[in-house]
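This is query_30.cif. It holds mmCIF, C-alpha atoms.
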data_start
#
loop_
_atom_site.label_atom_id
_atom_site.label_comp_id
_atom_site.auth_asym_id
_atom_site.auth_seq_id
_atom_site.Cartn_x
_atom_site.Cartn_y
_atom_site.Cartn_z
CA MET O 1 235.20 25.78 -90.66
CA ARG O 2 238.72 26.60 -89.48
CA LYS O 3 241.64 24.94 -91.23
CA HIS O 4 243.85 22.60 -89.23
CA THR O 5 247.53 21.79 -89.49
CA VAL O 6 247.73 18.25 -88.15
CA LEU O 7 251.04 16.71 -87.13
CA PHE O 8 251.06 12.91 -87.38
CA LEU O 9 253.41 10.95 -85.13
CA GLN O 10 253.58 7.15 -85.06
CA GLY O 11 250.51 5.37 -86.39
CA PRO O 12 249.25 1.79 -86.51
CA PRO O 13 250.99 -0.74 -88.80
CA SER O 14 248.52 -0.24 -91.63
CA PRO O 15 247.74 2.35 -94.34
CA PHE O 16 245.29 4.05 -91.96
CA ALA O 17 247.35 7.11 -91.00
CA ARG O 18 248.43 7.73 -94.60
CA GLU O 19 244.83 7.56 -95.82
CA LEU O 20 243.60 9.78 -92.98
CA ALA O 21 246.18 12.42 -93.87
CA ALA O 22 245.20 12.30 -97.56
CA ALA O 23 241.54 12.75 -96.63
CA LEU O 24 242.38 15.73 -94.42
CA ARG O 25 244.34 17.38 -97.24
CA ALA O 26 241.44 16.79 -99.63
CA ARG O 27 239.30 18.89 -97.27
CA GLY O 28 241.80 21.75 -97.24
CA HIS O 29 243.73 20.94 -94.09
CA ALA O 30 247.53 20.73 -93.91
CA THR O 31 249.31 17.61 -92.64
CA LEU O 32 252.84 17.00 -91.40
CA ARG O 33 254.60 13.83 -90.33
CA ILE O 34 257.61 12.91 -88.19
CA HIS O 35 259.26 9.50 -88.57
CA PHE O 36 261.11 7.79 -85.73
CA SER O 37 261.94 4.47 -87.41
CA ALA O 38 262.07 2.72 -90.76
CA GLY O 39 258.72 1.12 -89.94
CA ASP O 40 257.14 4.57 -89.86
CA TRP O 41 258.61 5.35 -93.27
CA LEU O 42 257.29 2.08 -94.73
CA TYR O 43 253.64 2.86 -93.97
CA TRP O 44 253.74 6.57 -94.86
CA ARG O 45 255.67 6.88 -98.15
CA GLY O 46 255.24 10.62 -98.38
CA GLU O 47 256.96 13.84 -97.37
CA ALA O 48 258.05 13.73 -93.75
CA CYS O 49 260.63 14.85 -91.23
CA ASN O 50 262.98 12.24 -89.77
CA TYR O 51 263.72 12.71 -86.09
CA LYS O 52 267.09 11.13 -85.34
CA GLY O 53 267.94 12.77 -82.06
CA PRO O 54 267.83 11.13 -78.61
CA LEU O 55 264.59 10.73 -76.71
CA ALA O 56 265.83 13.17 -74.05
CA GLU O 57 265.88 16.01 -76.61
CA TRP O 58 262.62 15.11 -78.35
CA GLY O 59 260.36 17.44 -76.36
CA THR O 60 262.52 20.50 -77.07
CA PHE O 61 262.73 19.61 -80.75
CA LEU O 62 258.96 19.07 -81.01
CA GLU O 63 258.12 22.38 -79.34
CA THR O 64 260.26 24.24 -81.88
CA PHE O 65 258.79 22.21 -84.74
CA VAL O 66 255.21 22.97 -83.67
CA LYS O 67 255.85 26.71 -83.40
CA THR O 68 257.77 26.88 -86.69
CA ASN O 69 255.12 25.01 -88.70
CA GLY O 70 251.96 26.40 -87.11
CA VAL O 71 250.76 23.00 -85.91
CA THR O 72 247.24 23.15 -84.48
CA ASP O 73 246.73 19.45 -83.68
CA ILE O 74 249.03 16.53 -82.80
CA LEU O 75 247.78 13.03 -83.58
CA TYR O 76 249.40 9.85 -82.28
CA TYR O 77 248.67 6.13 -81.92
CA ALA O 78 249.21 4.65 -78.41
CA ASP O 79 249.31 7.49 -75.90
CA ARG O 80 251.81 5.97 -73.43
CA PHE O 81 254.59 5.50 -75.98
CA PRO O 82 257.44 7.70 -74.59
CA TYR O 83 257.58 10.01 -77.62
CA HIS O 84 253.81 10.46 -77.44
CA ARG O 85 253.78 11.14 -73.70
CA SER O 86 256.21 13.95 -74.38
CA ALA O 87 254.09 15.19 -77.29
CA ALA O 88 251.02 15.41 -75.05
CA ALA O 89 253.01 17.52 -72.57
CA VAL O 90 254.20 19.82 -75.35
CA ALA O 91 250.63 20.26 -76.60
CA ARG O 92 249.48 21.23 -73.10
CA ARG O 93 252.26 23.78 -72.73
CA LEU O 94 251.50 25.37 -76.09
CA GLY O 95 247.71 25.23 -75.74
CA ILE O 96 247.11 23.15 -78.88
CA ALA O 97 245.01 20.03 -79.28
CA ALA O 98 246.44 16.52 -78.92
CA TYR O 99 244.56 13.36 -79.86
CA THR O 100 245.27 9.69 -79.39
CA TYR O 101 243.75 6.84 -81.37
CA GLU O 102 243.89 3.11 -80.76
CA PHE O 103 241.88 -0.10 -81.07
CA GLY O 104 238.44 0.71 -79.70
CA TYR O 105 237.09 0.20 -76.21
CA LEU O 106 234.02 -1.27 -77.93
CA ARG O 107 236.06 -3.56 -80.21
CA PRO O 108 235.80 -5.25 -82.58
CA ASP O 109 234.81 -2.75 -85.28
CA TRP O 110 235.55 0.40 -83.29
CA ILE O 111 238.49 2.80 -82.99
CA THR O 112 239.17 5.03 -80.01
CA PHE O 113 239.65 8.72 -80.87
CA GLU O 114 240.18 10.67 -77.68
CA ARG O 115 241.67 13.93 -76.44
CA ASN O 116 245.14 13.64 -74.91
CA GLY O 117 245.13 10.08 -73.57
CA MET O 118 243.36 6.89 -72.58
CA SER O 119 242.68 4.88 -69.41
CA ALA O 120 244.33 6.74 -66.48
CA GLN O 121 244.80 9.77 -68.75
CA SER O 122 241.25 9.66 -70.12
CA HIS O 123 238.91 12.62 -69.65
CA VAL O 124 235.80 10.44 -70.04
CA PRO O 125 233.55 10.89 -66.96
CA ALA O 126 233.79 8.35 -64.14
CA ASP O 127 230.69 9.58 -62.28
CA PRO O 128 227.72 7.24 -62.91
CA ALA O 129 225.16 10.01 -62.35
CA LEU O 130 226.86 12.27 -64.90
CA ILE O 131 227.13 9.41 -67.40
CA ARG O 132 223.42 8.67 -67.09
CA ARG O 133 222.54 12.32 -67.61
CA LEU O 134 224.83 12.81 -70.61
CA ALA O 135 223.72 9.59 -72.28
CA ALA O 136 219.99 10.01 -71.73
CA ALA O 137 219.21 11.27 -75.25
CA LEU O 138 222.04 9.54 -77.14
CA PRO O 139 221.34 6.77 -79.67
CA GLU O 140 222.28 3.14 -79.14
CA PRO O 141 225.60 2.27 -80.83
CA ASP O 142 225.79 -0.28 -83.63
CA LEU O 143 227.71 -3.15 -82.02
CA THR O 144 227.22 -5.52 -84.96
CA PRO O 145 230.63 -6.38 -86.52
CA ARG O 146 230.64 -4.99 -90.07
CA PHE O 147 234.31 -4.53 -90.99
CA ARG O 148 235.94 -7.91 -90.61
CA HIS O 149 239.55 -8.73 -91.36
CA GLY O 150 241.59 -11.89 -90.96
CA PHE O 151 244.11 -12.45 -88.20
CA ALA O 152 246.77 -13.16 -90.82
CA GLN O 153 246.33 -9.67 -92.30
CA GLU O 154 246.77 -7.96 -88.94
CA ALA O 155 249.72 -10.18 -87.98
CA PHE O 156 251.47 -9.60 -91.33
CA ASN O 157 251.27 -5.83 -90.98
CA GLU O 158 252.50 -5.93 -87.38
CA VAL O 159 255.44 -8.20 -88.21
CA LEU O 160 256.39 -6.23 -91.32
CA TYR O 161 256.42 -2.93 -89.42
CA ASN O 162 258.51 -4.19 -86.51
CA LEU O 163 260.98 -6.23 -88.56
CA THR O 164 261.54 -3.24 -90.89
CA ALA O 165 262.29 -1.05 -87.86
CA PHE O 166 264.55 -3.78 -86.44
CA PHE O 167 266.62 -4.60 -89.53
CA PHE O 168 266.99 -0.96 -90.61
CA ALA O 169 267.72 0.37 -87.13
CA CYS O 170 270.99 1.80 -88.45
CA LEU O 171 268.96 4.50 -90.21
CA TYR O 172 267.57 5.70 -86.86
CA PRO O 173 270.35 4.70 -84.43
CA ARG O 174 269.03 6.70 -81.45
CA TYR O 175 265.42 5.57 -81.72
CA THR O 176 264.02 4.18 -78.45
CA PRO O 177 261.41 1.52 -79.37
CA ASP O 178 260.35 0.81 -75.74
CA LYS O 179 259.56 -2.85 -76.39
CA SER O 180 259.35 -5.36 -73.55
CA CYS O 181 261.66 -7.78 -75.40
CA ASN O 182 263.86 -8.08 -78.49
CA THR O 183 261.84 -8.11 -81.74
CA LEU O 184 263.36 -11.33 -83.13
CA ILE O 185 263.02 -13.19 -79.84
CA ASN O 186 259.44 -12.00 -79.60
CA TYR O 187 258.48 -13.41 -82.99
CA LEU O 188 260.43 -16.65 -82.55
CA GLY O 189 258.38 -17.24 -79.42
CA TYR O 190 255.24 -17.54 -81.52
CA ILE O 191 256.45 -20.62 -83.42
CA PRO O 192 255.69 -23.19 -80.67
CA ARG O 193 252.28 -21.59 -80.06
CA LEU O 194 251.40 -21.74 -83.74
CA VAL O 195 252.42 -25.40 -83.93
CA ALA O 196 250.43 -26.30 -80.82
CA GLY O 197 247.48 -24.07 -81.73
CA PRO O 198 245.02 -26.73 -82.99
CA TRP O 199 245.70 -29.01 -80.00
CA ASN O 200 245.33 -26.11 -77.55
CA GLU O 201 242.04 -25.10 -79.17
CA ARG O 202 240.58 -28.61 -78.85
CA ARG O 203 241.71 -28.81 -75.24
CA ALA O 204 240.07 -25.45 -74.46
CA GLU O 205 236.80 -26.54 -76.06
CA ARG O 206 236.79 -29.78 -74.06
CA LEU O 207 237.31 -27.89 -70.79
CA ILE O 208 234.47 -25.49 -71.59
CA GLU O 209 232.16 -28.44 -72.31
CA THR O 210 233.20 -30.12 -69.05
CA LEU O 211 232.59 -27.01 -66.97
CA LEU O 212 229.20 -26.49 -68.62
CA ALA O 213 228.23 -30.06 -67.81
CA ARG O 214 229.37 -29.78 -64.20
CA ARG O 215 227.47 -26.49 -63.68
CA THR O 216 230.07 -25.33 -61.17
CA GLN O 217 230.76 -21.75 -60.14
CA THR O 218 233.41 -20.69 -62.64
CA PHE O 219 235.44 -17.48 -62.58
CA LEU O 220 237.26 -16.30 -65.70
CA VAL O 221 240.60 -14.44 -65.80
CA PRO O 222 241.59 -13.23 -69.30
CA LEU O 223 245.31 -12.53 -69.37
CA GLN O 224 246.83 -9.57 -71.16
CA MET O 225 250.10 -9.21 -73.06
CA GLN O 226 253.15 -8.43 -70.96
CA GLY O 227 254.22 -5.67 -73.35
CA ASP O 228 250.78 -4.03 -73.39
CA TYR O 229 250.78 -0.41 -72.22
CA GLN O 230 247.47 -1.11 -70.49
CA LEU O 231 249.42 -3.32 -68.11
CA ARG O 232 252.72 -1.42 -68.02
CA ALA O 233 251.36 2.13 -67.70
CA ASN O 234 247.84 1.70 -66.34
CA SER O 235 248.22 -0.80 -63.51
CA ARG O 236 250.24 -1.27 -60.34
CA PHE O 237 251.62 -4.58 -61.63
CA ALA O 238 255.16 -4.28 -62.94
CA HIS O 239 254.76 -7.80 -64.31
CA GLN O 240 251.64 -9.84 -65.00
CA SER O 241 252.97 -12.60 -62.74
CA ALA O 242 252.21 -10.35 -59.76
CA PHE O 243 248.58 -10.06 -60.89
CA ILE O 244 248.31 -13.83 -61.40
CA GLY O 245 249.78 -14.50 -57.96
CA GLU O 246 247.36 -12.09 -56.29
CA VAL O 247 244.37 -13.71 -57.99
CA VAL O 248 245.41 -17.30 -57.18
CA ARG O 249 246.14 -16.55 -53.52
CA SER O 250 242.88 -14.65 -53.08
CA PHE O 251 240.92 -17.46 -54.74
CA ALA O 252 242.54 -20.06 -52.48
CA ARG O 253 241.83 -17.96 -49.41
CA ALA O 254 238.29 -16.75 -50.04
CA ALA O 255 236.48 -18.54 -52.89
CA PRO O 256 233.79 -21.15 -52.20
CA PRO O 257 235.36 -24.64 -52.14
CA GLU O 258 233.30 -25.76 -55.14
CA ALA O 259 234.32 -22.79 -57.31
CA GLU O 260 236.77 -23.17 -60.21
CA LEU O 261 239.12 -20.65 -61.79
CA VAL O 262 239.94 -20.45 -65.51
CA PHE O 263 242.85 -18.41 -66.85
CA LYS O 264 242.70 -17.67 -70.59
CA VAL O 265 245.97 -16.85 -72.36
CA HIS O 266 245.79 -13.80 -74.63
CA PRO O 267 245.40 -14.84 -78.30
CA LEU O 268 248.44 -12.74 -79.29
CA ASP O 269 250.70 -13.77 -76.40
CA ASN O 270 254.19 -14.75 -77.59
CA GLY O 271 254.50 -17.67 -75.17
CA LEU O 272 257.83 -16.52 -73.76
CA GLU O 273 256.58 -15.88 -70.23
CA GLY O 274 255.21 -19.40 -69.74
CA TRP O 275 251.99 -18.39 -68.03
CA PRO O 276 250.54 -21.95 -67.86
CA ARG O 277 253.62 -23.22 -66.01
CA LEU O 278 253.53 -20.29 -63.58
CA ILE O 279 249.81 -20.69 -62.89
CA ARG O 280 250.15 -24.43 -62.24
CA ARG O 281 253.04 -23.80 -59.85
CA LEU O 282 251.10 -21.12 -57.92
CA ALA O 283 247.98 -23.28 -57.77
CA HIS O 284 250.01 -26.22 -56.48
CA ALA O 285 251.59 -24.05 -53.79
CA ALA O 286 248.12 -22.92 -52.73
CA ARG O 287 246.82 -26.54 -52.83
CA ILE O 288 244.05 -25.74 -55.29
CA GLU O 289 245.56 -27.21 -58.48
CA ALA O 290 242.43 -29.32 -59.13
CA ARG O 291 240.28 -26.16 -59.23
CA VAL O 292 242.54 -23.97 -61.40
CA HIS O 293 242.68 -24.34 -65.19
CA VAL O 294 244.66 -22.64 -67.96
CA ILE O 295 243.45 -22.58 -71.56
CA ASP O 296 245.06 -21.23 -74.70
CA GLY O 297 242.08 -20.88 -77.01
CA GLY O 298 238.33 -21.24 -76.71
CA CYS O 299 235.45 -18.90 -77.45
CA LEU O 300 235.47 -15.84 -75.18
CA ALA O 301 231.70 -15.34 -75.53
CA ALA O 302 231.07 -18.93 -74.40
CA LEU O 303 233.37 -18.47 -71.43
CA ILE O 304 231.60 -15.26 -70.42
CA ARG O 305 228.23 -17.02 -70.56
CA LEU O 306 229.68 -19.75 -68.34
CA ALA O 307 231.36 -17.44 -65.82
CA ARG O 308 229.92 -16.27 -62.53
CA GLY O 309 232.42 -13.43 -62.67
CA MET O 310 235.51 -12.12 -64.46
CA VAL O 311 238.72 -10.74 -62.97
CA VAL O 312 240.88 -8.50 -65.17
CA ILE O 313 243.67 -5.99 -64.91
CA ASN O 314 241.93 -3.59 -67.31
CA SER O 315 241.31 -5.68 -70.44
CA THR O 316 238.57 -4.69 -72.88
CA CYS O 317 237.26 -8.22 -72.23
CA GLY O 318 235.73 -6.60 -69.17
CA MET O 319 233.48 -4.51 -71.39
CA HIS O 320 232.24 -7.60 -73.22
CA ALA O 321 231.47 -9.14 -69.83
CA LEU O 322 229.56 -6.06 -68.66
CA LEU O 323 227.46 -6.08 -71.80
CA ALA O 324 226.61 -9.73 -71.12
CA GLY O 325 225.66 -8.97 -67.50
CA CYS O 326 228.70 -10.78 -66.06
CA PRO O 327 230.18 -9.26 -62.87
CA VAL O 328 233.69 -7.84 -63.29
CA LYS O 329 236.48 -7.03 -60.84
CA ALA O 330 239.21 -4.78 -62.31
CA LEU O 331 242.56 -4.59 -60.50
CA GLY O 332 244.10 -1.96 -62.78
CA ILE O 333 242.96 1.44 -64.04
CA ALA O 334 240.09 0.63 -66.39
CA LEU O 335 237.86 3.14 -68.12
CA TYR O 336 234.82 1.15 -67.03
CA ASP O 337 235.82 0.61 -63.38
CA MET O 338 233.17 2.52 -61.42
CA ALA O 339 230.27 1.95 -59.06
CA GLY O 340 227.33 0.37 -60.86
CA LEU O 341 229.52 -1.26 -63.49
CA THR O 342 232.22 -3.23 -61.67
CA HIS O 343 232.64 -4.84 -58.26
CA GLN O 344 233.88 -2.09 -55.95
CA GLY O 345 234.74 -4.25 -52.94
CA ALA O 346 237.89 -6.24 -52.28
CA LEU O 347 238.86 -9.18 -54.47
CA ASP O 348 238.34 -11.63 -51.59
CA GLY O 349 234.68 -10.63 -51.41
CA PHE O 350 234.19 -10.94 -55.16
CA TRP O 351 234.38 -14.73 -55.15
CA ARG O 352 231.38 -15.13 -52.83
CA ALA O 353 229.26 -12.08 -53.67
CA PRO O 354 230.21 -10.50 -57.03
CA GLU O 355 228.38 -7.24 -57.69
CA PRO O 356 226.46 -7.52 -61.00
CA PRO O 357 226.59 -4.59 -63.43
CA ASP O 358 223.62 -2.26 -63.70
CA ALA O 359 222.33 -3.03 -67.21
CA GLU O 360 220.91 0.46 -67.71
CA LEU O 361 224.19 2.10 -66.70
CA VAL O 362 226.12 -0.26 -69.00
CA ARG O 363 223.96 0.82 -71.94
CA ALA O 364 224.30 4.50 -70.97
CA PHE O 365 228.10 4.17 -70.74
CA PHE O 366 228.31 2.49 -74.13
CA ARG O 367 226.11 5.19 -75.69
CA LEU O 368 228.32 7.94 -74.27
CA LEU O 369 231.53 6.26 -75.44
CA ALA O 370 230.19 5.74 -78.95
CA ALA O 371 229.07 9.36 -79.23
CA SER O 372 232.26 10.90 -77.86
CA VAL O 373 235.48 8.85 -78.07
CA GLN O 374 234.67 5.90 -80.37
CA VAL O 375 234.23 5.77 -84.12
CA LYS O 376 232.93 2.78 -86.06
CA GLY O 377 235.64 1.36 -88.29
CA SER O 378 238.84 -0.65 -88.64
CA PHE O 379 242.57 -0.19 -89.24
CA TYR O 380 242.77 -3.16 -91.60
CA ASN O 381 239.49 -3.44 -93.48
CA ARG O 382 239.32 -1.04 -96.48
CA GLU O 383 235.67 -0.08 -95.94
CA GLY O 384 236.27 0.15 -92.21
CA ARG O 385 239.16 2.56 -92.73
CA ALA O 386 237.02 4.78 -94.94
CA ALA O 387 234.19 4.83 -92.38
CA ALA O 388 236.50 5.61 -89.45
CA ILE O 389 238.39 8.31 -91.36
CA ALA O 390 235.19 10.10 -92.32
CA ALA O 391 233.97 9.99 -88.73
CA MET O 392 237.29 11.18 -87.28
CA ILE O 393 237.50 14.12 -89.67
CA GLY O 394 233.91 15.06 -88.83
CA ARG O 395 234.72 15.05 -85.11
CA LEU O 396 237.92 17.03 -85.66
CA GLU O 397 236.27 19.71 -87.81
CA HIS O 398 233.34 20.14 -85.43
CA GLU O 399 235.54 20.13 -82.29
CA ALA O 400 233.55 17.08 -81.18
CA VAL O 401 236.27 14.74 -79.91
CA ASN O 402 235.21 13.97 -76.33
CA GLY O 403 231.96 15.67 -77.29
CA ALA O 404 228.54 15.07 -75.74
CA GLY O 405 230.00 16.40 -72.48
CA ALA O 406 232.53 13.56 -72.19
CA TYR O 407 235.45 15.77 -71.15
CA VAL O 408 236.21 16.05 -67.44
CA SER O 409 239.29 17.98 -66.33
CA PRO O 410 241.53 16.84 -64.74
CA PRO O 411 241.29 13.20 -65.87
CA PRO O 412 239.05 11.61 -63.21
CA ARG O 413 241.02 8.35 -62.89
CA LEU O 414 244.38 10.02 -62.42
CA ARG O 415 244.18 10.45 -58.64
CA ARG O 416 243.76 6.72 -58.09
CA ALA O 417 246.57 5.95 -60.54
CA ARG O 418 248.93 8.25 -58.67
CA ALA O 419 247.86 6.79 -55.32
CA GLU O 420 248.73 3.31 -56.59
CA GLY O 421 252.17 4.46 -57.73
CA ILE O 422 251.51 3.87 -61.41
CA PRO O 423 254.31 5.42 -63.50
CA HIS O 424 253.99 8.28 -65.97
CA CYS O 425 250.85 9.82 -64.46
CA ASP O 426 252.23 13.17 -65.56
CA TRP O 427 249.17 15.14 -66.60
CA GLU O 428 249.75 18.70 -65.45
CA GLY O 429 246.16 19.80 -65.06
CA SER O 430 246.19 22.31 -67.89
CA PRO O 431 242.80 23.46 -69.22
CA GLN O 432 241.26 22.02 -72.34
CA PRO O 433 243.02 23.53 -75.41
CA ALA O 434 241.17 26.36 -77.06
CA ALA O 435 239.47 25.54 -80.35
CA SER O 436 241.48 28.15 -82.23
CA ALA O 437 244.95 27.47 -80.81
CA ALA O 438 247.45 28.30 -83.56
CA SER O 439 250.45 30.51 -82.95
CA THR O 440 251.76 30.86 -86.48
CA ALA O 441 250.53 30.41 -90.01
CA PRO O 442 250.80 26.89 -91.45
CA GLY O 443 254.02 26.37 -93.34
CA ALA O 444 256.16 23.74 -94.95
CA ILE O 445 258.31 21.45 -92.86
CA ALA O 446 261.29 23.45 -91.72
CA ALA O 447 264.47 22.63 -93.58
CA SER O 448 266.30 22.41 -90.29
CA ALA O 449 263.86 19.85 -88.86
CA GLU O 450 265.85 16.71 -89.59
CA ARG O 451 268.18 15.78 -86.76
CA ASP O 452 271.43 13.84 -87.30
#
Translate the structure described by the file into structure tokens.
Amino acid sequence: MRKHTVLFLQGPPSPFARELAAALRARGHATLRIHFSAGDWLYWRGEACNYKGPLAEWGTFLETFVKTNGVTDILYYADRFPYHRSAAAVARRLGIAAYTYEFGYLRPDWITFERNGMSAQSHVPADPALIRRLAAALPEPDLTPRFRHGFAQEAFNEVLYNLTAFFFACLYPRYTPDKSCNTLINYLGYIPRLVAGPWNERRAERLIETLLARRTQTFLVPLQMQGDYQLRANSRFAHQSAFIGEVVRSFARAAPPEAELVFKVHPLDNGLEGWPRLIRRLAHAARIEARVHVIDGGCLAALIRLARGMVVINSTCGMHALLAGCPVKALGIALYDMAGLTHQGALDGFWRAPEPPDAELVRAFFRLLAASVQVKGSFYNREGRAAAIAAMIGRLEHEAVNGAGAYVSPPPRLRRARAEGIPHCDWEGSPQPAASAASTAPGAIAASAERD
């Protein structure tokens, strides 16, 4: 087994990255860390380099750092974060491995662990025939939730991380957080939603009961968060309002007159965009306000059972729908958007003749994901962290990230992303990094690494 020198960049707001690094060191690997903000420092609490230079100089700094310290692998959370996009490019130029990790495609209870990037940048095959062949002998994944954690725990960690970075910004004055809105304004926006939460939940449940009783054709549209990189960097919609407008106008134009449309607000939405007000205004303009509903709450599984189809940008809700046999139309770059899984025709045609997913292909796709770019576990549950860390280290040591043949080069979804004008589709087409890429012997963090 070769020894790795793993450079950690930003991680999730939890002890996960710190515990993963400790486990790697216990197995004889070296770990390094670069902080960009006080929030990074809070969740690491160990030896690290502080990068305090401007974003424009980050790539040059990182390339020198990697060469000086013999880095063999770069590990980052959220692949489209600007510092991480640059890190992926540096790794390609130097021929070393880069890995991203995030909440899992198969969530809950799964973590994505993938080479280079996700979604448009993902190397996971998009050819149904290849997926079937690769998955033929793979075991069925365990989709039973085993590592539960409360919403309050996740929210506390997220708020603590971001408020620490916000209030101690003077320590990292040139840090570029790349948030869609000010941190304080973002969190203040949650107060009205929290107050109205119980009422909104009861209203959502009543609507679901009404729609079930009416037995009408119902289409579900789960909204995403405006600041989500899945929307900002993996779709053609600069703002979710453009997606909502396209869906409402298409529904008014082409859906059966008895069909109804339900928009579901994301559970973690901050409420600042006022999606319900926008949707009601668009529905009124299209003269279909009686057939368009907005709910803030309700059971997603119950809504999927009710729905004749689901329209998404690229939400992981689409994967839950596929597993339940519900037709899905994806308007962004989604890992699962391919023939046999999602509706491949125009949105107008989806309302009258939605293409159902091929159940066998769905199972094959899930098997391949679980064996190659997903690990069972959690960022917030202690047992879940231990399980995920053990699995990630096993994949890293055996060069099995994107294993089972789930590495296609160049990323197969990138051409469509570029054709749609999606920003930051900057993969350069370099070959897969060699397993033994290491230019210099591992060493301590260079004394000159800290930038003022």
Contact residues around O:Leu106 with only C-alpha atoms at 10 Å, ignoring same-chain residues under 2 positions, as number ranges by chain: O: 103-104, 108-112, 141, 143, 316-317, 319-320, 366, 369-370, 374-376
For a cutoff of 8 Å around the file-coordinate point (235.4, 1.1, -89.0), which residues qualify once you count only C-alpha atoms? I'd like the result as a compact mmCIF listing (two decimals) with C-alpha atoms, in the coordinates of the input.
# COMPACT_ATOMS: atom_id res chain seq x y z
CA ASP O 109 234.81 -2.75 -85.28
CA TRP O 110 235.55 0.40 -83.29
CA ILE O 111 238.49 2.80 -82.99
CA ARG O 146 230.64 -4.99 -90.07
CA PHE O 147 234.31 -4.53 -90.99
CA VAL O 375 234.23 5.77 -84.12
CA LYS O 376 232.93 2.78 -86.06
CA GLY O 377 235.64 1.36 -88.29
CA SER O 378 238.84 -0.65 -88.64
CA PHE O 379 242.57 -0.19 -89.24
CA ASN O 381 239.49 -3.44 -93.48
CA GLU O 383 235.67 -0.08 -95.94
CA GLY O 384 236.27 0.15 -92.21
CA ARG O 385 239.16 2.56 -92.73
CA ALA O 386 237.02 4.78 -94.94
CA ALA O 387 234.19 4.83 -92.38
CA ALA O 388 236.50 5.61 -89.45
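Remark: residues at most 7 Å from position (245.3, -18.7, -66.8) in file coordinates are O:Val221, O:Leu223, O:Val262, O:Phe263, O:Lys264, O:Val265, O:Trp275, O:Pro276, O:Ile279, O:His293, O:Val294, O:Ile295, using all atoms listed in the file.
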Residues picked by the PyMOL selection byres ((chain O and resi 135) around 10) here, as a list in words?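 Here the PyMOL selection byres ((chain O and resi 135) around 10) matches Leu130, Ile131, Arg132, Arg133, Leu134, Ala136, Ala137, Leu138, Pro139, Glu140, Leu361, Arg363, Ala364, Phe365, Phe366, Arg367, Leu368, Leu369, Ala371, Ala404, Gly405 and Ala406 of chain O.
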Those selected residues, please, written with C-alpha atoms and delivered as a short mmCIF file (atom, residue, chain, number, x, y, z; two decimals), in the frame of the given file.
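Listing of result.cif after writing:
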data_model
loop_
_atom_site.label_atom_id
_atom_site.label_comp_id
_atom_site.auth_asym_id
_atom_site.auth_seq_id
_atom_site.Cartn_x
_atom_site.Cartn_y
_atom_site.Cartn_z
CA LEU O 130 226.86 12.27 -64.90
CA ILE O 131 227.13 9.41 -67.40
CA ARG O 132 223.42 8.67 -67.09
CA ARG O 133 222.54 12.32 -67.61
CA LEU O 134 224.83 12.81 -70.61
CA ALA O 136 219.99 10.01 -71.73
CA ALA O 137 219.21 11.27 -75.25
CA LEU O 138 222.04 9.54 -77.14
CA PRO O 139 221.34 6.77 -79.67
CA GLU O 140 222.28 3.14 -79.14
CA LEU O 361 224.19 2.10 -66.70
CA ARG O 363 223.96 0.82 -71.94
CA ALA O 364 224.30 4.50 -70.97
CA PHE O 365 228.10 4.17 -70.74
CA PHE O 366 228.31 2.49 -74.13
CA ARG O 367 226.11 5.19 -75.69
CA LEU O 368 228.32 7.94 -74.27
CA LEU O 369 231.53 6.26 -75.44
CA ALA O 371 229.07 9.36 -79.23
CA ALA O 404 228.54 15.07 -75.74
CA GLY O 405 230.00 16.40 -72.48
CA ALA O 406 232.53 13.56 -72.19
#
Considering all atoms listed in the file, return as number ranges by chain whatever protein or nucleic-acid residues lie within 10 Å of O:Tyr43, sequence-local ones (same chain, fewer than 5 positions apart) excluded. O: 10-18, 38, 157, 160-161
Evaluate the PyMOL selection byres ((chain O and resi 175-191) around 9) and record the selected residues as an NGL selection string, following the chain and residue labels used in the document. :O and (36-37 or 51-55 or 81-83 or 159 or 162-163 or 165-166 or 169 or 172-174 or 192-196 or 226-228 or 268-272)
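Candidate residues O:Leu396, O:Ile208, O:Ala346, O:Ala330 were compared for distance to O:Arg27, and the nearest is O:Leu396, using only C-alpha atoms.
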Selection in question (the file shown): the PyMOL selection byres ((chain O and resi 339) around 12). Which residues does it include, as an MDAnalysis selection string? chainID O and resid 126:129 131 327:330 335:338 340:345 355:358 361:362
Box along x, y and z, 8 Å on every side, all listed atoms of stretch 319-329 of chain O inside: centre and edge lengths in Å to one decimal, as AutoDock Vina command-line options.
--center_x 231.1 --center_y -7.6 --center_z -67.0 --size_x 26.8 --size_y 22.3 --size_z 28.4
Which residue is closest to O:Trp351? Choose from O:Gln217, O:Asn200, O:Ser122, O:Ser409 and count only C-alpha atoms.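 For O:Trp351, the nearest of the given residues is O:Gln217.
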Which one is closest to O:Val90: O:Lys67, O:Arg413, O:His239, O:Arg308? Count only C-alpha atoms. O:Lys67
Please compute the atom CA of O:Gly39-atom CA of O:Asp73 distance, one decimal, in Å.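 These two atoms are separated by 22.8 Å.
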Could you tell me how far atom CA of O:Leu62 sits from atom CA of O:Ala48, in Å to one decimal place?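 Result for atom CA of O:Ala48 versus atom CA of O:Leu62: 13.8 Å, one decimal.
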Between atom CA of O:Ala97 and atom CA of O:Pro412, distance in Å (one decimal):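 So the answer is 19.1 Å.
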Show me a table, sorted first by chain and then by increasing residue number, of the residues of stretch 209-302 of chain O having an atom at most 12 Å from stretch 414-421 of chain O, each with its shortest atom pair and the distance in Å to one decimal, counting all atoms listed in the file and written as CSV.
residue,atom,partner,partner_atom,distance
O:Arg232,CA,O:Gly421,CA,11.9
O:Ala233,CA,O:Ala417,CA,9.4
O:Asn234,CA,O:Ala417,CA,7.3
O:Ser235,CA,O:Ala417,CA,7.6
O:Arg236,CA,O:Glu420,CA,6.1
O:Phe237,CA,O:Glu420,CA,9.8
O:Ala238,CA,O:Gly421,CA,10.6
